file upload-v4.txt (compact mmCIF, C-alpha atoms and all ligand atoms)
# COMPACT_ATOMS: atom_id res chain seq x y z
CA MET A 128 -23.08 52.45 70.37
CA LYS A 129 -24.50 55.56 71.92
CA ASN A 130 -25.82 55.74 75.48
CA LEU A 131 -29.35 57.12 75.40
CA VAL A 132 -31.92 58.80 77.56
CA LEU A 133 -35.42 58.27 76.16
CA PHE A 134 -37.78 60.80 77.59
CA GLY A 135 -41.17 62.30 77.00
CA PRO A 136 -44.63 62.15 78.55
CA PRO A 137 -46.19 58.91 79.80
CA GLY A 138 -47.49 57.04 76.76
CA ALA A 139 -44.97 58.61 74.36
CA GLY A 140 -43.57 55.17 73.49
CA LYS A 141 -40.40 55.05 75.61
CA GLY A 142 -41.00 51.45 76.68
CA THR A 143 -41.90 50.27 73.17
CA GLN A 144 -38.82 51.89 71.63
CA SER A 145 -36.56 50.60 74.41
CA ALA A 146 -37.82 47.06 73.85
CA LEU A 147 -36.99 47.35 70.12
CA LEU A 148 -33.52 48.70 70.91
CA VAL A 149 -32.89 45.82 73.31
CA LYS A 150 -34.06 43.23 70.79
CA GLN A 151 -32.40 44.60 67.68
CA CYS A 152 -29.31 46.40 69.01
CA ASN A 153 -28.57 44.52 72.24
CA TYR A 154 -28.94 47.58 74.43
CA PHE A 155 -29.17 47.34 78.22
CA GLN A 156 -32.50 48.90 79.27
CA ILE A 157 -32.83 50.73 82.55
CA SER A 158 -36.53 51.41 83.09
CA THR A 159 -37.16 52.81 86.55
CA GLY A 160 -40.90 52.20 86.12
CA ASP A 161 -40.33 48.49 85.36
CA LEU A 162 -37.83 48.16 88.21
CA LEU A 163 -40.25 49.77 90.65
CA ARG A 164 -43.12 47.54 89.48
CA SER A 165 -40.92 44.44 90.04
CA ALA A 166 -40.05 45.73 93.50
CA ILE A 167 -43.79 46.04 94.24
CA LYS A 168 -44.44 42.52 92.94
CA GLU A 169 -41.63 41.14 95.10
CA LYS A 170 -42.86 43.17 98.11
CA THR A 171 -39.40 44.59 98.83
CA LYS A 172 -38.92 47.58 101.13
CA LEU A 173 -38.43 49.81 98.07
CA GLY A 174 -41.60 48.41 96.48
CA MET A 175 -43.65 49.11 99.57
CA GLU A 176 -42.35 52.66 99.80
CA ALA A 177 -42.88 53.34 96.10
CA GLN A 178 -46.37 51.92 95.68
CA SER A 179 -48.43 54.71 97.24
CA TYR A 180 -46.74 57.32 95.01
CA MET A 181 -47.18 55.23 91.87
CA ASP A 182 -50.83 54.46 92.57
CA LYS A 183 -51.54 58.20 92.74
CA GLY A 184 -49.56 59.06 89.61
CA ALA A 185 -46.98 60.98 91.67
CA LEU A 186 -43.21 60.66 91.44
CA VAL A 187 -41.35 58.30 93.76
CA PRO A 188 -38.87 60.35 95.89
CA ASP A 189 -35.62 61.20 94.12
CA ASP A 190 -33.26 59.45 96.57
CA LEU A 191 -35.04 56.10 96.11
CA VAL A 192 -34.86 56.11 92.32
CA ILE A 193 -31.33 57.52 92.23
CA ASN A 194 -30.11 54.65 94.46
CA LEU A 195 -31.94 52.19 92.25
CA VAL A 196 -30.25 53.51 89.10
CA ASP A 197 -26.86 53.55 90.85
CA GLU A 198 -27.30 49.85 91.64
CA VAL A 199 -28.30 48.94 88.09
CA LEU A 200 -25.47 50.90 86.49
CA SER A 201 -23.06 48.54 88.20
CA LYS A 202 -24.53 45.65 86.17
CA LEU A 203 -23.89 47.04 82.68
CA ASN A 204 -20.88 44.86 81.90
CA GLY A 205 -19.71 47.25 79.22
CA LYS A 206 -23.02 47.34 77.34
CA SER A 207 -24.49 50.56 75.96
CA PHE A 208 -27.61 51.54 77.86
CA ILE A 209 -30.96 53.26 77.50
CA LEU A 210 -32.41 55.16 80.41
CA ASP A 211 -36.18 54.84 80.04
CA GLY A 212 -38.17 57.03 82.42
CA PHE A 213 -35.15 58.37 84.29
CA PRO A 214 -34.26 61.14 84.98
CA ARG A 215 -37.68 62.67 85.63
CA THR A 216 -36.62 65.67 87.76
CA LYS A 217 -33.77 68.14 87.66
CA ALA A 218 -32.34 66.65 90.89
CA GLN A 219 -32.27 63.22 89.23
CA ALA A 220 -30.59 64.65 86.13
CA ILE A 221 -27.87 66.27 88.23
CA ALA A 222 -27.37 63.09 90.29
CA LEU A 223 -27.19 61.06 87.08
CA ASP A 224 -24.33 63.21 85.76
CA GLN A 225 -22.39 62.42 88.91
CA LEU A 226 -23.18 58.68 88.85
CA LEU A 227 -21.99 58.48 85.25
CA LEU A 228 -18.89 60.56 85.91
CA ASN A 229 -17.93 58.18 88.74
CA ARG A 230 -18.05 55.33 86.23
CA LYS A 231 -16.42 57.24 83.35
CA LEU A 232 -19.65 56.99 81.36
CA LYS A 233 -21.75 59.62 79.62
CA ILE A 234 -25.06 60.21 77.90
CA ASP A 235 -24.57 60.69 74.16
CA LEU A 236 -28.15 61.52 73.23
CA ALA A 237 -31.33 62.49 75.05
CA VAL A 238 -34.17 61.63 72.68
CA PHE A 239 -37.40 63.47 73.36
CA LEU A 240 -40.53 61.74 72.02
CA GLU A 241 -43.19 64.32 71.36
CA VAL A 242 -46.86 63.30 71.40
CA GLU A 243 -49.93 65.47 71.98
CA ASN A 244 -51.95 64.97 75.18
CA LYS A 245 -55.14 63.66 73.57
CA LYS A 246 -53.22 60.84 71.92
CA LEU A 247 -51.37 60.03 75.16
CA VAL A 248 -54.63 59.51 77.04
CA MET A 249 -55.89 57.25 74.25
CA ARG A 250 -52.67 55.21 74.25
CA LEU A 251 -52.48 54.84 78.03
CA SER A 252 -56.12 54.01 78.67
CA GLY A 253 -56.10 51.27 75.98
CA ARG A 254 -52.78 49.78 77.03
CA ARG A 255 -52.74 46.19 78.28
CA VAL A 256 -49.65 44.49 79.68
CA CYS A 257 -48.83 40.80 79.98
CA GLN A 258 -48.75 39.80 83.64
CA THR A 259 -46.12 37.15 82.88
CA CYS A 260 -43.62 38.53 80.33
CA GLY A 261 -44.40 42.27 80.37
CA ALA A 262 -45.19 42.50 76.62
CA VAL A 263 -47.31 45.54 75.82
CA PHE A 264 -50.47 45.59 73.66
CA HIS A 265 -53.21 48.10 72.90
CA ILE A 266 -56.88 47.20 72.61
CA GLN A 267 -57.21 49.19 69.34
CA ASN A 268 -53.74 49.92 67.94
CA MET A 269 -51.97 46.67 68.73
CA PRO A 270 -54.57 44.09 69.77
CA PRO A 271 -53.45 40.57 70.67
CA SER A 272 -54.70 37.72 68.43
CA VAL A 273 -56.92 36.45 71.25
CA SER A 274 -58.48 39.13 73.44
CA GLY A 275 -56.88 39.28 76.90
CA VAL A 276 -54.13 36.75 76.06
CA CYS A 277 -50.46 37.52 75.38
CA ASP A 278 -49.27 36.59 71.85
CA ASN A 279 -45.75 35.90 73.13
CA CYS A 280 -46.32 33.65 76.12
CA GLY A 281 -50.05 33.05 76.55
CA GLY A 282 -50.06 35.06 79.80
CA LEU A 283 -53.00 37.13 81.01
CA LEU A 284 -53.17 40.75 79.78
CA VAL A 285 -54.04 43.30 82.46
CA GLN A 286 -54.41 47.06 82.77
CA ARG A 287 -51.75 48.80 84.86
CA PRO A 288 -53.36 50.30 87.97
CA ASP A 289 -52.03 53.73 86.96
CA ASP A 290 -53.47 53.50 83.43
CA VAL A 291 -56.95 54.52 84.62
CA GLU A 292 -58.30 57.93 83.67
CA ASN A 293 -57.88 59.98 86.87
CA VAL A 294 -54.36 58.64 87.48
CA ILE A 295 -53.40 59.24 83.84
CA GLU A 296 -54.40 62.89 84.25
CA GLU A 297 -52.26 63.19 87.38
CA ARG A 298 -49.29 61.55 85.64
CA LEU A 299 -49.58 64.05 82.78
CA ARG A 300 -49.70 66.94 85.27
CA THR A 301 -46.68 65.55 87.14
CA TYR A 302 -44.84 65.21 83.86
CA ALA A 303 -45.58 68.78 82.78
CA ALA A 304 -44.47 70.21 86.14
CA ASN A 305 -41.32 68.14 86.79
CA THR A 306 -40.06 66.37 83.69
CA ALA A 307 -40.87 68.61 80.72
CA PRO A 308 -38.44 71.30 82.03
CA LEU A 309 -35.61 68.75 81.59
CA ARG A 310 -35.71 69.54 77.88
CA ASP A 311 -33.77 72.71 78.67
CA PHE A 312 -31.33 70.78 80.87
CA PHE A 313 -30.49 68.40 78.00
CA LYS A 314 -30.38 71.23 75.47
CA GLU A 315 -27.77 72.95 77.60
CA SER A 316 -25.79 69.69 77.81
CA GLY A 317 -25.78 69.57 73.98
CA VAL A 318 -27.33 66.08 73.75
CA TYR A 319 -30.97 66.95 73.03
CA VAL A 320 -32.82 65.63 69.97
CA GLU A 321 -36.54 65.64 69.31
CA ILE A 322 -38.61 63.08 67.40
CA LYS A 323 -42.30 63.07 66.56
CA GLY A 324 -43.56 60.18 68.66
CA ASP A 325 -47.08 60.04 67.24
CA ASN A 326 -46.15 57.97 64.19
CA SER A 327 -46.12 54.17 64.16
CA ALA A 328 -43.62 52.40 66.42
CA GLU A 329 -41.71 51.22 63.31
CA LEU A 330 -41.37 54.74 61.90
CA VAL A 331 -40.21 56.17 65.22
CA PHE A 332 -37.75 53.30 65.62
CA GLY A 333 -36.32 54.01 62.15
CA LYS A 334 -35.67 57.61 63.18
CA ILE A 335 -33.94 56.49 66.39
CA LEU A 336 -31.76 54.06 64.42
CA GLU A 337 -30.65 56.93 62.16
CA LEU A 338 -29.70 58.95 65.22
CA ILE A 339 -27.63 56.25 66.89
CA LYS A 340 -25.76 55.18 63.73
P1 LIG B 401 -43.45 54.52 84.00
O1 LIG B 401 -43.49 53.03 83.89
O2 LIG B 401 -42.16 55.11 83.48
O3 LIG B 401 -44.67 55.18 83.41
O4 LIG B 401 -43.47 54.87 85.56
C1 LIG B 401 -44.56 54.50 86.38
C2 LIG B 401 -44.48 55.24 87.70
O5 LIG B 401 -43.27 54.88 88.39
C3 LIG B 401 -44.43 56.76 87.61
O6 LIG B 401 -45.72 57.32 87.50
C4 LIG B 401 -43.76 57.11 88.95
O7 LIG B 401 -44.68 57.00 90.01
C5 LIG B 401 -42.75 55.99 89.09
N1 LIG B 401 -41.44 56.36 88.49
C6 LIG B 401 -40.85 55.77 87.41
N2 LIG B 401 -39.68 56.35 87.14
C7 LIG B 401 -39.52 57.35 88.06
C8 LIG B 401 -38.53 58.33 88.28
N3 LIG B 401 -37.44 58.43 87.48
N4 LIG B 401 -38.71 59.19 89.32
C9 LIG B 401 -39.78 59.09 90.12
N5 LIG B 401 -40.77 58.21 89.94
C10 LIG B 401 -40.66 57.33 88.93
call {"tool": "encode", "arguments": {"input": "upload-v4.txt", "output": "structure tokens", "more": "lines below"}}
Ligand code: AMP
result
Amino acid sequence: MKNLVLFGPPGAGKGTQSALLVKQCNYFQISTGDLLRSAIKEKTKLGMEAQSYMDKGALVPDDLVINLVDEVLSKLNGKSFILDGFPRTKAQAIALDQLLLNRKLKIDLAVFLEVENKKLVMRLSGRRVCQTCGAVFHIQNMPPSVSGVCDNCGGLLVQRPDDVENVIEERLRTYAANTAPLRDFFKESGVYVEIKGDNSAELVFGKILELIK
């Protein structure tokens, strides 16, 4: 199976598609956002350092996330992986190449999920996440059967602190300034593919499956 980078703006569907790839294709997901949120929950040193950046919608410093990814890459056990939300800067992309080279691994495809800004704001502001199992819902597009309650585990659904309007705007600005330019980096590496991310999750997933066949 192919090793993937899933990238695109916040709200493009990286997490949703990664979850489907994990469930249906047994991929190993490396989501720096999820890892940082767990670090915050567990009040680790990394979590405490990362929180102020995340609350503002800014990027956590490169060295912290690069070390985090380095640690996780040592737990792959031969599985194919998806990088979800990493790299987000050119420095991270360059560091990633080196980390992979050290382990004789490589990225086969960098899948860019394209979604227009208006839709991103709608998706992010309506997103609700299960406090217990992390399942993701949307108050309009993917509502749970009982409002505020997770369909999977009965946990409480909450809004991420960075899914509020002013932070969403900052995250989109951060993305445009730092992460969007990575499209050229991946194009030059010959691994870049683009998918329209504004279709249903099932349709987008079908396209990804065709690409990784
Ligand atoms: P996400 O869950 O991918 O939307 O990430 C949530 C937040 O975590 C981002 O707004 C950043 O503050 C931080 N973060 C996640 N991944 C990275 C990364 N690769 N580099 C820097 N900050 C990150």
call {"tool": "residues_around", "arguments": {"input": "upload-v4.txt", "residues": "stretch 191-198 of chain A", "least_positions_apart": "6", "cutoff": "12 Å", "atoms": "all atoms listed in the file", "output": "JSON, numbers by chain"}}
result
{"A": [156, 157, 158, 159, 160, 161, 162, 163, 166, 172, 173, 174, 175, 176, 177, 180, 208, 209, 210, 211, 212, 213, 214, 215, 216, 217, 218, 219, 220, 221, 222, 223, 224, 225, 226, 227, 228, 229, 230]}
call {"tool": "residues_around", "arguments": {"input": "upload-v4.txt", "residues": "A:Ala328", "least_positions_apart": "4", "cutoff": "12 Å", "atoms": "only C-alpha atoms", "output": "list in words"}}
result
Gly138, Ala139, Gly140, Lys141, Gly142, Thr143, Gln144, Ser145, Ala146, Leu147, Leu148, Leu240, Asn268, Met269, Ile322, Lys323, Gly324, Phe332, Gly333, Lys334 and Ile335 of chain A
call {"tool": "axis_aligned_box", "arguments": {"input": "upload-v4.txt", "around": "stretch 172-187 of chain A", "padding_each_side": "5 Å", "output": "lines of an AutoDock Vina configuration file"}}
result
center_x = -45.0
center_y = 54.3
center_z = 95.4
size_x = 23.1
size_y = 23.4
size_z = 21.5
call {"tool": "closest_atom_pairs", "arguments": {"input": "upload-v4.txt", "of": "stretch 274-339 of chain A", "to": "stretch 243-263 of chain A", "cutoff": "6 Å", "atoms": "all atoms listed in the file", "output": "tab-separated table"}}
result
residue	atom	partner	partner_atom	distance
A:Cys277	CA	A:Cys257	CA	5.9
A:Gly282	CA	A:Thr259	CA	5.4
A:Leu283	CA	A:Cys257	CA	5.6
A:Leu284	CA	A:Cys257	CA	4.3
A:Val285	CA	A:Arg255	CA	5.2
A:Gln286	CA	A:Arg255	CA	4.9
A:Asp290	CA	A:Ser252	CA	5.5
call {"tool": "closest_residue", "arguments": {"input": "upload-v4.txt", "among": "A:Val238, A:Ile295, A:Val273, A:Val149", "to": "ligand LIG 401 (chain B)", "atoms": "all atoms listed in the file"}}
result
A:Ile295
call {"tool": "atom_distance", "arguments": {"input": "upload-v4.txt", "atom1": "atom C2 of ligand LIG 401 (chain B)", "atom2": "atom CA of A:Pro137"}}
result
8.9 Å
call {"tool": "closest_residue", "arguments": {"input": "upload-v4.txt", "among": "A:Thr171, A:Gln151, A:Ser207, A:Thr301", "to": "ligand LIG 401 (chain B)", "atoms": "all atoms listed in the file"}}
result
A:Thr301
call {"tool": "build_atoms", "arguments": {"input": "upload-v4.txt", "residues": "stretch 234-256 of chain A", "atoms": "N, CA, C and O atoms", "output": "PDB file, in the coordinates of the input"}}
result
ATOM      1  N   ILE A 234     -23.899  60.272  78.793  1.00  0.00           N
ATOM      2  CA  ILE A 234     -25.060  60.210  77.900  1.00  0.00           C
ATOM      3  C   ILE A 234     -24.641  60.842  76.576  1.00  0.00           C
ATOM      4  O   ILE A 234     -24.107  61.953  76.555  1.00  0.00           O
ATOM      5  N   ASP A 235     -24.897  60.131  75.470  1.00  0.00           N
ATOM      6  CA  ASP A 235     -24.570  60.690  74.160  1.00  0.00           C
ATOM      7  C   ASP A 235     -25.750  61.424  73.544  1.00  0.00           C
ATOM      8  O   ASP A 235     -25.584  62.408  72.846  1.00  0.00           O
ATOM      9  N   LEU A 236     -26.955  60.893  73.799  1.00  0.00           N
ATOM     10  CA  LEU A 236     -28.150  61.520  73.230  1.00  0.00           C
ATOM     11  C   LEU A 236     -29.329  61.429  74.197  1.00  0.00           C
ATOM     12  O   LEU A 236     -29.542  60.377  74.805  1.00  0.00           O
ATOM     13  N   ALA A 237     -30.063  62.524  74.307  1.00  0.00           N
ATOM     14  CA  ALA A 237     -31.330  62.490  75.050  1.00  0.00           C
ATOM     15  C   ALA A 237     -32.427  62.681  74.008  1.00  0.00           C
ATOM     16  O   ALA A 237     -32.564  63.756  73.416  1.00  0.00           O
ATOM     17  N   VAL A 238     -33.162  61.613  73.752  1.00  0.00           N
ATOM     18  CA  VAL A 238     -34.170  61.630  72.680  1.00  0.00           C
ATOM     19  C   VAL A 238     -35.526  61.935  73.287  1.00  0.00           C
ATOM     20  O   VAL A 238     -36.052  61.161  74.093  1.00  0.00           O
ATOM     21  N   PHE A 239     -36.088  63.068  72.865  1.00  0.00           N
ATOM     22  CA  PHE A 239     -37.400  63.470  73.360  1.00  0.00           C
ATOM     23  C   PHE A 239     -38.475  63.013  72.376  1.00  0.00           C
ATOM     24  O   PHE A 239     -38.428  63.356  71.196  1.00  0.00           O
ATOM     25  N   LEU A 240     -39.430  62.214  72.868  1.00  0.00           N
ATOM     26  CA  LEU A 240     -40.530  61.740  72.020  1.00  0.00           C
ATOM     27  C   LEU A 240     -41.739  62.637  72.249  1.00  0.00           C
ATOM     28  O   LEU A 240     -42.296  62.674  73.351  1.00  0.00           O
ATOM     29  N   GLU A 241     -42.106  63.345  71.218  1.00  0.00           N
ATOM     30  CA  GLU A 241     -43.190  64.320  71.360  1.00  0.00           C
ATOM     31  C   GLU A 241     -44.524  63.748  70.872  1.00  0.00           C
ATOM     32  O   GLU A 241     -44.628  63.273  69.740  1.00  0.00           O
ATOM     33  N   VAL A 242     -45.512  63.781  71.747  1.00  0.00           N
ATOM     34  CA  VAL A 242     -46.860  63.300  71.400  1.00  0.00           C
ATOM     35  C   VAL A 242     -47.873  64.209  72.094  1.00  0.00           C
ATOM     36  O   VAL A 242     -47.685  64.586  73.256  1.00  0.00           O
ATOM     37  N   GLU A 243     -48.949  64.553  71.369  1.00  0.00           N
ATOM     38  CA  GLU A 243     -49.930  65.470  71.980  1.00  0.00           C
ATOM     39  C   GLU A 243     -50.778  64.736  73.043  1.00  0.00           C
ATOM     40  O   GLU A 243     -50.994  63.511  72.962  1.00  0.00           O
ATOM     41  N   ASN A 244     -51.262  65.533  74.017  1.00  0.00           N
ATOM     42  CA  ASN A 244     -51.950  64.970  75.180  1.00  0.00           C
ATOM     43  C   ASN A 244     -53.127  64.054  74.865  1.00  0.00           C
ATOM     44  O   ASN A 244     -53.285  63.008  75.481  1.00  0.00           O
ATOM     45  N   LYS A 245     -53.942  64.450  73.875  1.00  0.00           N
ATOM     46  CA  LYS A 245     -55.140  63.660  73.570  1.00  0.00           C
ATOM     47  C   LYS A 245     -54.741  62.223  73.165  1.00  0.00           C
ATOM     48  O   LYS A 245     -55.345  61.250  73.589  1.00  0.00           O
ATOM     49  N   LYS A 246     -53.693  62.149  72.390  1.00  0.00           N
ATOM     50  CA  LYS A 246     -53.220  60.840  71.920  1.00  0.00           C
ATOM     51  C   LYS A 246     -52.628  60.026  73.084  1.00  0.00           C
ATOM     52  O   LYS A 246     -52.766  58.808  73.142  1.00  0.00           O
ATOM     53  N   LEU A 247     -51.977  60.727  74.011  1.00  0.00           N
ATOM     54  CA  LEU A 247     -51.370  60.030  75.160  1.00  0.00           C
ATOM     55  C   LEU A 247     -52.452  59.343  75.977  1.00  0.00           C
ATOM     56  O   LEU A 247     -52.316  58.186  76.370  1.00  0.00           O
ATOM     57  N   VAL A 248     -53.544  60.069  76.227  1.00  0.00           N
ATOM     58  CA  VAL A 248     -54.630  59.510  77.040  1.00  0.00           C
ATOM     59  C   VAL A 248     -55.209  58.275  76.343  1.00  0.00           C
ATOM     60  O   VAL A 248     -55.452  57.238  76.963  1.00  0.00           O
ATOM     61  N   MET A 249     -55.361  58.368  75.030  1.00  0.00           N
ATOM     62  CA  MET A 249     -55.890  57.250  74.250  1.00  0.00           C
ATOM     63  C   MET A 249     -54.943  56.035  74.347  1.00  0.00           C
ATOM     64  O   MET A 249     -55.379  54.916  74.579  1.00  0.00           O
ATOM     65  N   ARG A 250     -53.655  56.314  74.203  1.00  0.00           N
ATOM     66  CA  ARG A 250     -52.670  55.210  74.250  1.00  0.00           C
ATOM     67  C   ARG A 250     -52.637  54.553  75.622  1.00  0.00           C
ATOM     68  O   ARG A 250     -52.594  53.339  75.747  1.00  0.00           O
ATOM     69  N   LEU A 251     -52.629  55.379  76.668  1.00  0.00           N
ATOM     70  CA  LEU A 251     -52.480  54.840  78.030  1.00  0.00           C
ATOM     71  C   LEU A 251     -53.728  54.088  78.474  1.00  0.00           C
ATOM     72  O   LEU A 251     -53.632  53.012  79.067  1.00  0.00           O
ATOM     73  N   SER A 252     -54.913  54.649  78.156  1.00  0.00           N
ATOM     74  CA  SER A 252     -56.120  54.010  78.670  1.00  0.00           C
ATOM     75  C   SER A 252     -56.395  52.685  77.944  1.00  0.00           C
ATOM     76  O   SER A 252     -57.044  51.806  78.507  1.00  0.00           O
ATOM     77  N   GLY A 253     -55.871  52.526  76.713  1.00  0.00           N
ATOM     78  CA  GLY A 253     -56.100  51.270  75.980  1.00  0.00           C
ATOM     79  C   GLY A 253     -54.960  50.286  76.134  1.00  0.00           C
ATOM     80  O   GLY A 253     -54.986  49.191  75.566  1.00  0.00           O
ATOM     81  N   ARG A 254     -53.958  50.649  76.908  1.00  0.00           N
ATOM     82  CA  ARG A 254     -52.780  49.780  77.030  1.00  0.00           C
ATOM     83  C   ARG A 254     -53.092  48.551  77.897  1.00  0.00           C
ATOM     84  O   ARG A 254     -53.756  48.668  78.917  1.00  0.00           O
ATOM     85  N   ARG A 255     -52.615  47.407  77.477  1.00  0.00           N
ATOM     86  CA  ARG A 255     -52.740  46.190  78.280  1.00  0.00           C
ATOM     87  C   ARG A 255     -51.366  45.522  78.312  1.00  0.00           C
ATOM     88  O   ARG A 255     -50.675  45.484  77.307  1.00  0.00           O
ATOM     89  N   VAL A 256     -51.004  45.018  79.484  1.00  0.00           N
ATOM     90  CA  VAL A 256     -49.650  44.490  79.680  1.00  0.00           C
ATOM     91  C   VAL A 256     -49.735  43.034  80.109  1.00  0.00           C
ATOM     92  O   VAL A 256     -50.605  42.672  80.914  1.00  0.00           O
TER      93      VAL A 256
END
